[in-house]
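Read the structure below first, then the notes.
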Amino acid sequence: MADTTYASPAAGLPPQAALHTGRAVFTEAYALIPHGVMRDIVTSYLPHWDQTRAWVIARPLTGFSETFSQYIMEVMPGGGSTRPEPNPQAEGVLFVVDGQASLTVEGKTHLLKPGGYAFLPAGCAWSLANKGSFPVRFHWVRKRYEAVDGIEAPTAFVANEQDEPIIWMPGTNNTWGTTRFVDPTDLRHDMHVNIVTLEPGAVIPFEETHVMEHGLYVLEGKAVYRLNRDWVEVEAGDFMWLRAYCPQACYAGPSRFRYLLYKDVNRHMKLDL
């Protein structure tokens, strides 16, 4: 595998002597999918993707979290897709955690290395190929775009998180911050996929309780995370799936703690259930 500082699934299978003492849990307000259960046996193969498999770690689920899906994709050398997105109303974000992906968007090709980020608006033409010698792994977050009359749709862009600044929260002495790929006031966008960083010992010092749904994939480090009524230990490779209004807070561990964060934003609440 290529060098990377980002976590990705363990794959394979645990030994037959392994104990059933994992941390996986599904509750009325959150799910925790620890890295140790993201194994070969739970992967899926997607239409029009060659030499590719996916861990589906979030999907719209009535009564739980309804706005997005999230996959961890693994594309082997020579694999990829020229017809990746089957839904013309779906926008997407790709975030590479291992290997290198050749991404072509509207006829222009980009090389995405670890930390590479791409926003793909609904209806845009894109394809992806692994032209390297190692597997490439990346997150693919998908959401049905909510168009607004009088506001133009967002356009595609490619970035790398290592080139983007961390915006530190005021009063935290630069210990809790967010790497943002989209201006929060840009109303063209109805979802944000950011990276949150907490330095060793930093905290989210209150129980955030809000309407936004979350997917949190731990890229690095470990922490104790408040999820609804529970304090839960999490570490690199774990995924937390939060429904709206699930209280959350955090105490970071002994090393830098970072996670990829999805949330839905900037739209009126639907009144027709």
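Following the order of the structure tokens, chains are lettered A, B, ..., residues in each are numbered from 1, and ligands are numbered from 1.
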Open item on the list: Need the shell around Gly221 of chain A: protein/DNA/RNA residues with any atom at most 9 Å away, counting only C-alpha atoms. Skip same-chain ones fewer than 2 positions apart. Format as a VMD selection string?
Closed with: chain A and resid 218 to 219 223 234 to 236 252 to 259
Output all heavy atoms for every residue in the selection just made, as an mmCIF file, in the first residue's frame.
```
data_model
loop_
_atom_site.group_PDB
_atom_site.id
_atom_site.type_symbol
_atom_site.label_atom_id
_atom_site.label_comp_id
_atom_site.auth_asym_id
_atom_site.auth_seq_id
_atom_site.Cartn_x
_atom_site.Cartn_y
_atom_site.Cartn_z
ATOM 1 N N VAL A 218 -13.232 8.601 11.608
ATOM 2 C CA VAL A 218 -12.009 8.988 12.311
ATOM 3 C C VAL A 218 -10.803 8.700 11.418
ATOM 4 O O VAL A 218 -10.509 7.540 11.098
ATOM 5 C CB VAL A 218 -11.881 8.270 13.657
ATOM 6 C CG1 VAL A 218 -10.607 8.732 14.374
ATOM 7 C CG2 VAL A 218 -13.105 8.534 14.532
ATOM 8 N N LEU A 219 -10.110 9.753 11.033
ATOM 9 C CA LEU A 219 -8.940 9.629 10.160
ATOM 10 C C LEU A 219 -7.667 9.333 10.931
ATOM 11 O O LEU A 219 -6.797 8.600 10.447
ATOM 12 C CB LEU A 219 -8.752 10.927 9.361
ATOM 13 C CG LEU A 219 -9.867 11.294 8.384
ATOM 14 C CD1 LEU A 219 -9.670 12.728 7.884
ATOM 15 C CD2 LEU A 219 -9.923 10.320 7.220
ATOM 16 N N ALA A 223 -10.148 9.183 20.860
ATOM 17 C CA ALA A 223 -10.841 10.153 21.706
ATOM 18 C C ALA A 223 -11.934 9.428 22.473
ATOM 19 O O ALA A 223 -12.262 8.269 22.205
ATOM 20 C CB ALA A 223 -11.439 11.268 20.860
ATOM 21 N N VAL A 234 -13.416 6.003 20.769
ATOM 22 C CA VAL A 234 -13.304 5.830 19.330
ATOM 23 C C VAL A 234 -11.850 6.018 18.922
ATOM 24 O O VAL A 234 -11.076 6.689 19.613
ATOM 25 C CB VAL A 234 -14.212 6.812 18.558
ATOM 26 C CG1 VAL A 234 -15.681 6.538 18.849
ATOM 27 C CG2 VAL A 234 -13.878 8.270 18.890
ATOM 28 N N GLU A 235 -11.494 5.428 17.782
ATOM 29 C CA GLU A 235 -10.118 5.530 17.307
ATOM 30 C C GLU A 235 -10.099 5.511 15.791
ATOM 31 O O GLU A 235 -11.136 5.355 15.134
ATOM 32 C CB GLU A 235 -9.281 4.383 17.864
ATOM 33 C CG GLU A 235 -9.724 3.008 17.411
ATOM 34 C CD GLU A 235 -8.886 1.895 18.021
ATOM 35 O OE1 GLU A 235 -7.890 2.198 18.704
ATOM 36 O OE2 GLU A 235 -9.226 0.715 17.804
ATOM 37 N N ALA A 236 -8.894 5.684 15.227
ATOM 38 C CA ALA A 236 -8.731 5.780 13.781
ATOM 39 C C ALA A 236 -9.395 4.595 13.078
ATOM 40 O O ALA A 236 -9.210 3.447 13.465
ATOM 41 C CB ALA A 236 -7.252 5.838 13.420
ATOM 42 N N ALA A 252 -10.416 14.800 23.321
ATOM 43 C CA ALA A 252 -9.380 14.193 22.479
ATOM 44 C C ALA A 252 -8.381 13.436 23.335
ATOM 45 O O ALA A 252 -8.168 13.742 24.513
ATOM 46 C CB ALA A 252 -8.681 15.253 21.652
ATOM 47 N N GLY A 253 -7.734 12.449 22.731
ATOM 48 C CA GLY A 253 -6.779 11.601 23.427
ATOM 49 C C GLY A 253 -5.366 12.161 23.425
ATOM 50 O O GLY A 253 -5.161 13.371 23.274
ATOM 51 N N PRO A 254 -4.364 11.288 23.532
ATOM 52 C CA PRO A 254 -2.978 11.729 23.716
ATOM 53 C C PRO A 254 -2.292 12.183 22.435
ATOM 54 O O PRO A 254 -1.178 12.712 22.494
ATOM 55 C CB PRO A 254 -2.295 10.490 24.284
ATOM 56 C CG PRO A 254 -3.088 9.346 23.718
ATOM 57 C CD PRO A 254 -4.505 9.826 23.662
ATOM 58 N N SER A 255 -2.919 11.947 21.280
ATOM 59 C CA SER A 255 -2.341 12.400 20.017
ATOM 60 C C SER A 255 -3.402 13.173 19.250
ATOM 61 O O SER A 255 -4.580 13.203 19.635
ATOM 62 C CB SER A 255 -1.842 11.204 19.189
ATOM 63 O OG SER A 255 -2.904 10.322 18.892
ATOM 64 N N ARG A 256 -3.004 13.795 18.156
ATOM 65 C CA ARG A 256 -3.939 14.576 17.344
ATOM 66 C C ARG A 256 -5.097 13.701 16.879
ATOM 67 O O ARG A 256 -4.881 12.590 16.387
ATOM 68 C CB ARG A 256 -3.196 15.183 16.157
ATOM 69 C CG ARG A 256 -4.080 15.923 15.184
ATOM 70 C CD ARG A 256 -3.285 16.552 14.064
ATOM 71 N NE ARG A 256 -2.988 17.946 14.359
ATOM 72 C CZ ARG A 256 -2.693 18.858 13.429
ATOM 73 N NH1 ARG A 256 -2.637 18.512 12.151
ATOM 74 N NH2 ARG A 256 -2.441 20.096 13.765
ATOM 75 N N PHE A 257 -6.318 14.199 17.042
ATOM 76 C CA PHE A 257 -7.538 13.472 16.708
ATOM 77 C C PHE A 257 -8.229 14.212 15.568
ATOM 78 O O PHE A 257 -8.494 15.410 15.669
ATOM 79 C CB PHE A 257 -8.447 13.416 17.936
ATOM 80 C CG PHE A 257 -9.783 12.753 17.712
ATOM 81 C CD1 PHE A 257 -9.856 11.408 17.401
ATOM 82 C CD2 PHE A 257 -10.963 13.471 17.826
ATOM 83 C CE1 PHE A 257 -11.085 10.791 17.208
ATOM 84 C CE2 PHE A 257 -12.195 12.866 17.636
ATOM 85 C CZ PHE A 257 -12.258 11.522 17.335
ATOM 86 N N ARG A 258 -8.498 13.477 14.450
ATOM 87 C CA ARG A 258 -9.065 14.123 13.272
ATOM 88 C C ARG A 258 -10.141 13.242 12.665
ATOM 89 O O ARG A 258 -10.005 12.024 12.639
ATOM 90 C CB ARG A 258 -7.981 14.395 12.218
ATOM 91 C CG ARG A 258 -6.740 15.085 12.774
ATOM 92 C CD ARG A 258 -5.760 15.419 11.668
ATOM 93 N NE ARG A 258 -6.244 16.538 10.894
ATOM 94 C CZ ARG A 258 -6.164 16.642 9.575
ATOM 95 N NH1 ARG A 258 -5.664 15.654 8.866
ATOM 96 N NH2 ARG A 258 -6.606 17.701 8.956
ATOM 97 N N TYR A 259 -11.205 13.880 12.171
ATOM 98 C CA TYR A 259 -12.244 13.098 11.513
ATOM 99 C C TYR A 259 -12.843 13.860 10.341
ATOM 100 O O TYR A 259 -12.861 15.095 10.306
ATOM 101 C CB TYR A 259 -13.334 12.649 12.488
ATOM 102 C CG TYR A 259 -14.002 13.731 13.310
ATOM 103 C CD1 TYR A 259 -15.087 14.451 12.825
ATOM 104 C CD2 TYR A 259 -13.578 13.997 14.617
ATOM 105 C CE1 TYR A 259 -15.726 15.410 13.599
ATOM 106 C CE2 TYR A 259 -14.195 14.953 15.387
ATOM 107 C CZ TYR A 259 -15.274 15.652 14.881
ATOM 108 O OH TYR A 259 -15.891 16.606 15.653
#
```
Task: Selection near segment 86-98 of chain A, 9 Å with only C-alpha atoms, sequence-local residues under 2 positions removed, as a PyMOL selection string - done: chain A and resi 1-8+47+83-84+100-101+112-124+134-146+160+193+219+260
Task: Polymer residues at most 7 Å from segment 20-31 of chain A, only C-alpha atoms, same-chain spacing of 3 or more positions, as a list in words - done: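 The neighbour list is Pro34, Leu227, Asn228, Met240, Trp241, Leu242, Arg243 and Cys246 of chain A.
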Let's have the selection written as a CSV table (one decimal), in the first residue's frame, with N, CA, C and O atoms.
```csv
chain,number,residue,atom,x,y,z
A,34,PRO,N,-17.1,0.3,14.4
A,34,PRO,CA,-15.7,0.3,14.6
A,34,PRO,C,-14.9,-0.3,13.4
A,34,PRO,O,-15.4,-1.1,12.7
A,227,LEU,N,-22.0,10.5,22.7
A,227,LEU,CA,-23.0,10.2,21.7
A,227,LEU,C,-24.3,9.9,22.5
A,227,LEU,O,-24.5,8.9,23.2
A,228,ASN,N,-25.3,10.9,22.4
A,228,ASN,CA,-26.5,10.8,23.1
A,228,ASN,C,-26.3,10.7,24.6
A,228,ASN,O,-25.7,11.6,25.2
A,240,MET,N,-18.8,7.0,13.0
A,240,MET,CA,-20.0,7.4,13.8
A,240,MET,C,-21.1,8.0,12.9
A,240,MET,O,-20.8,8.9,12.1
A,241,TRP,N,-22.3,7.5,13.1
A,241,TRP,CA,-23.4,7.9,12.3
A,241,TRP,C,-24.5,8.4,13.2
A,241,TRP,O,-25.0,7.7,14.0
A,242,LEU,N,-24.8,9.7,13.1
A,242,LEU,CA,-25.6,10.4,14.0
A,242,LEU,C,-26.9,10.9,13.3
A,242,LEU,O,-26.8,11.6,12.3
A,243,ARG,N,-28.0,10.6,13.9
A,243,ARG,CA,-29.3,11.2,13.4
A,243,ARG,C,-29.4,12.6,14.0
A,243,ARG,O,-28.6,13.1,14.8
A,246,CYS,N,-29.0,14.3,17.9
A,246,CYS,CA,-28.2,13.4,18.8
A,246,CYS,C,-27.1,14.3,19.5
A,246,CYS,O,-26.3,14.9,18.9
```
Segment 41-151 of chain A residues near segment 207-214 of chain A within 9 Å, closest pair each, using only C-alpha atoms, as CSV:
```
residue,atom,partner,partner_atom,distance
A:Ser65,CA,A:Glu213,CA,6.3
A:Glu66,CA,A:Glu213,CA,8.1
A:Thr67,CA,A:Glu213,CA,7.5
A:Phe68,CA,A:Glu213,CA,8.7
```
Open item on the list: I'd like the interatomic distance between atom CA of Leu216 of chain A and atom CA of Asp272 of chain A, to a tenth of an Å.
Closed with: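 Going from atom CA of Leu216 of chain A over to atom CA of Asp272 of chain A, I get 28.2 Å.
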TODO: From a DSSP pass on the backbone, collect the residues of segment 52-114 of chain A flagged as strand (DSSP E or B) and hand them back as a ChimeraX atom specification.
DONE: /A:52-58,68-81,90-98,101-105,108-112
Next, the residues of the selection above should be written as a tab-separated table (two decimals), in the first residue's frame with N, CA and C atoms.
```tsv
chain	number	residue	atom	x	y	z
A	52	THR	N	-13.46	-3.13	-8.28
A	52	THR	CA	-13.78	-2.19	-7.21
A	52	THR	C	-14.74	-2.84	-6.23
A	53	ARG	N	-14.54	-2.58	-4.96
A	53	ARG	CA	-15.51	-2.97	-3.95
A	53	ARG	C	-15.74	-1.78	-3.01
A	54	ALA	N	-16.82	-1.88	-2.21
A	54	ALA	CA	-17.19	-0.75	-1.37
A	54	ALA	C	-17.70	-1.23	-0.02
A	55	TRP	N	-17.31	-0.51	1.03
A	55	TRP	CA	-17.95	-0.64	2.33
A	55	TRP	C	-19.02	0.45	2.41
A	56	VAL	N	-20.28	0.06	2.49
A	56	VAL	CA	-21.35	1.04	2.65
A	56	VAL	C	-21.51	1.28	4.14
A	57	ILE	N	-21.16	2.48	4.60
A	57	ILE	CA	-21.18	2.76	6.03
A	57	ILE	C	-22.32	3.69	6.43
A	58	ALA	N	-23.03	4.27	5.48
A	58	ALA	CA	-24.23	5.05	5.80
A	58	ALA	C	-25.14	5.05	4.58
A	68	PHE	N	-28.18	11.31	3.38
A	68	PHE	CA	-26.93	11.01	2.66
A	68	PHE	C	-26.59	9.54	2.72
A	69	SER	N	-25.68	9.15	1.82
A	69	SER	CA	-25.01	7.86	1.91
A	69	SER	C	-23.51	8.10	1.92
A	70	GLN	N	-22.78	7.14	2.47
A	70	GLN	CA	-21.32	7.25	2.50
A	70	GLN	C	-20.73	5.87	2.28
A	71	TYR	N	-19.80	5.80	1.32
A	71	TYR	CA	-19.09	4.56	1.00
A	71	TYR	C	-17.59	4.77	1.24
A	72	ILE	N	-16.91	3.68	1.57
A	72	ILE	CA	-15.46	3.64	1.43
A	72	ILE	C	-15.18	2.75	0.23
A	73	MET	N	-14.62	3.35	-0.81
A	73	MET	CA	-14.37	2.64	-2.07
A	73	MET	C	-12.93	2.14	-2.10
A	74	GLU	N	-12.74	0.95	-2.64
A	74	GLU	CA	-11.41	0.40	-2.87
A	74	GLU	C	-11.31	-0.02	-4.33
A	75	VAL	N	-10.45	0.67	-5.08
A	75	VAL	CA	-10.29	0.42	-6.51
A	75	VAL	C	-8.89	-0.17	-6.73
A	76	MET	N	-8.86	-1.34	-7.32
A	76	MET	CA	-7.59	-2.00	-7.56
A	76	MET	C	-6.90	-1.40	-8.80
A	77	PRO	N	-5.59	-1.62	-8.96
A	77	PRO	CA	-4.90	-1.13	-10.16
A	77	PRO	C	-5.60	-1.58	-11.42
A	78	GLY	N	-5.83	-0.65	-12.33
A	78	GLY	CA	-6.54	-0.93	-13.57
A	78	GLY	C	-8.04	-0.81	-13.46
A	79	GLY	N	-8.56	-0.60	-12.26
A	79	GLY	CA	-10.00	-0.50	-12.05
A	79	GLY	C	-10.50	0.93	-12.11
A	80	GLY	N	-11.81	1.06	-11.94
A	80	GLY	CA	-12.44	2.37	-11.94
A	80	GLY	C	-13.79	2.33	-12.63
A	81	SER	N	-14.27	3.50	-13.05
A	81	SER	CA	-15.58	3.57	-13.69
A	81	SER	C	-15.66	4.78	-14.62
A	90	ALA	N	-27.85	13.42	-7.87
A	90	ALA	CA	-26.95	13.22	-6.74
A	90	ALA	C	-25.67	14.03	-6.92
A	91	GLU	N	-25.33	14.79	-5.89
A	91	GLU	CA	-24.02	15.43	-5.80
A	91	GLU	C	-23.11	14.54	-4.97
A	92	GLY	N	-21.81	14.76	-5.05
A	92	GLY	CA	-20.91	13.90	-4.32
A	92	GLY	C	-19.64	14.61	-3.88
A	93	VAL	N	-19.01	14.03	-2.87
A	93	VAL	CA	-17.67	14.43	-2.45
A	93	VAL	C	-16.82	13.17	-2.38
A	94	LEU	N	-15.61	13.25	-2.94
A	94	LEU	CA	-14.62	12.18	-2.83
A	94	LEU	C	-13.49	12.67	-1.93
A	95	PHE	N	-12.99	11.79	-1.06
A	95	PHE	CA	-11.84	12.12	-0.22
A	95	PHE	C	-10.93	10.91	-0.18
A	96	VAL	N	-9.71	11.06	-0.70
A	96	VAL	CA	-8.78	9.95	-0.83
A	96	VAL	C	-7.99	9.75	0.46
A	97	VAL	N	-7.95	8.49	0.94
A	97	VAL	CA	-7.20	8.18	2.15
A	97	VAL	C	-5.98	7.31	1.87
A	98	ASP	N	-5.92	6.67	0.70
A	98	ASP	CA	-4.78	5.81	0.40
A	98	ASP	C	-4.67	5.63	-1.10
A	101	ALA	N	-5.77	8.35	-7.25
A	101	ALA	CA	-6.88	8.19	-8.19
A	101	ALA	C	-6.76	9.22	-9.30
A	102	SER	N	-7.01	8.78	-10.52
A	102	SER	CA	-7.05	9.68	-11.67
A	102	SER	C	-8.52	10.03	-11.90
A	103	LEU	N	-8.89	11.27	-11.58
A	103	LEU	CA	-10.27	11.73	-11.65
A	103	LEU	C	-10.43	12.68	-12.82
A	104	THR	N	-11.37	12.38	-13.70
A	104	THR	CA	-11.66	13.27	-14.82
A	104	THR	C	-13.03	13.89	-14.61
A	105	VAL	N	-13.07	15.23	-14.58
A	105	VAL	CA	-14.31	15.98	-14.35
A	105	VAL	C	-14.51	16.94	-15.51
A	108	LYS	N	-11.51	17.36	-17.76
A	108	LYS	CA	-10.21	17.71	-17.20
A	108	LYS	C	-9.80	16.67	-16.16
A	109	THR	N	-8.56	16.17	-16.27
A	109	THR	CA	-8.09	15.10	-15.40
A	109	THR	C	-7.25	15.64	-14.25
A	110	HIS	N	-7.48	15.10	-13.05
A	110	HIS	CA	-6.77	15.49	-11.84
A	110	HIS	C	-6.23	14.23	-11.16
A	111	LEU	N	-5.05	14.32	-10.57
A	111	LEU	CA	-4.49	13.23	-9.80
A	111	LEU	C	-4.77	13.49	-8.33
A	112	LEU	N	-5.57	12.65	-7.72
A	112	LEU	CA	-5.91	12.79	-6.31
A	112	LEU	C	-5.04	11.87	-5.47
```
With only C-alpha atoms as the counted atoms, please give the residues lying no more than 6 Å from Arg39 of chain A, apart from itself and same-chain residues fewer than 4 positions off, as a PDB file with all heavy atoms, in the first residue's frame.
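Result written to out_31.pdb:
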```pdb
ATOM      1  N   ALA A  11     -10.118  -4.748   6.512  1.00  0.00           N
ATOM      2  CA  ALA A  11     -10.368  -5.794   5.512  1.00  0.00           C
ATOM      3  C   ALA A  11      -9.996  -7.162   6.089  1.00  0.00           C
ATOM      4  O   ALA A  11      -9.878  -7.340   7.301  1.00  0.00           O
ATOM      5  CB  ALA A  11      -9.654  -5.502   4.202  1.00  0.00           C
ATOM      6  N   GLY A  12      -9.798  -8.141   5.225  1.00  0.00           N
ATOM      7  CA  GLY A  12      -9.503  -9.486   5.692  1.00  0.00           C
ATOM      8  C   GLY A  12     -10.590 -10.023   6.610  1.00  0.00           C
ATOM      9  O   GLY A  12     -11.736  -9.579   6.567  1.00  0.00           O
ATOM     10  N   LEU A  13     -10.240 -10.983   7.451  1.00  0.00           N
ATOM     11  CA  LEU A  13     -11.128 -11.517   8.471  1.00  0.00           C
ATOM     12  C   LEU A  13     -10.348 -11.668   9.769  1.00  0.00           C
ATOM     13  O   LEU A  13      -9.148 -11.964   9.745  1.00  0.00           O
ATOM     14  CB  LEU A  13     -11.687 -12.882   8.059  1.00  0.00           C
ATOM     15  CG  LEU A  13     -12.722 -12.903   6.933  1.00  0.00           C
ATOM     16  CD1 LEU A  13     -13.041 -14.349   6.559  1.00  0.00           C
ATOM     17  CD2 LEU A  13     -13.993 -12.172   7.353  1.00  0.00           C
TER      18      LEU A  13
END
```
TODO: Please return as a ChimeraX atom specification: the residues of segment 38-242 of chain A that backbone DSSP assigns to helix (DSSP H, G or I).
DONE: /A:40-42,161-163
TODO: Could you please determine the separation between atom CA of His189 of chain A and atom CA of Val265 of chain A in Å, to one decimal place?
DONE: 7.7 Å
- [ ] Just give me the gap between atom CA of Asp149 of chain A and atom CA of Thr179 of chain A in Å, one decimal is fine.
- [x]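 Taking atom CA of Asp149 of chain A as the start and atom CA of Thr179 of chain A as the end point, the length is 29.3 Å.
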TODO: Write out as a ChimeraX atom specification the residues lying within 10 Å of Thr172 of chain A, counting only C-alpha atoms and excluding same-chain residues fewer than 6 positions away.
DONE: /A:198,202-204
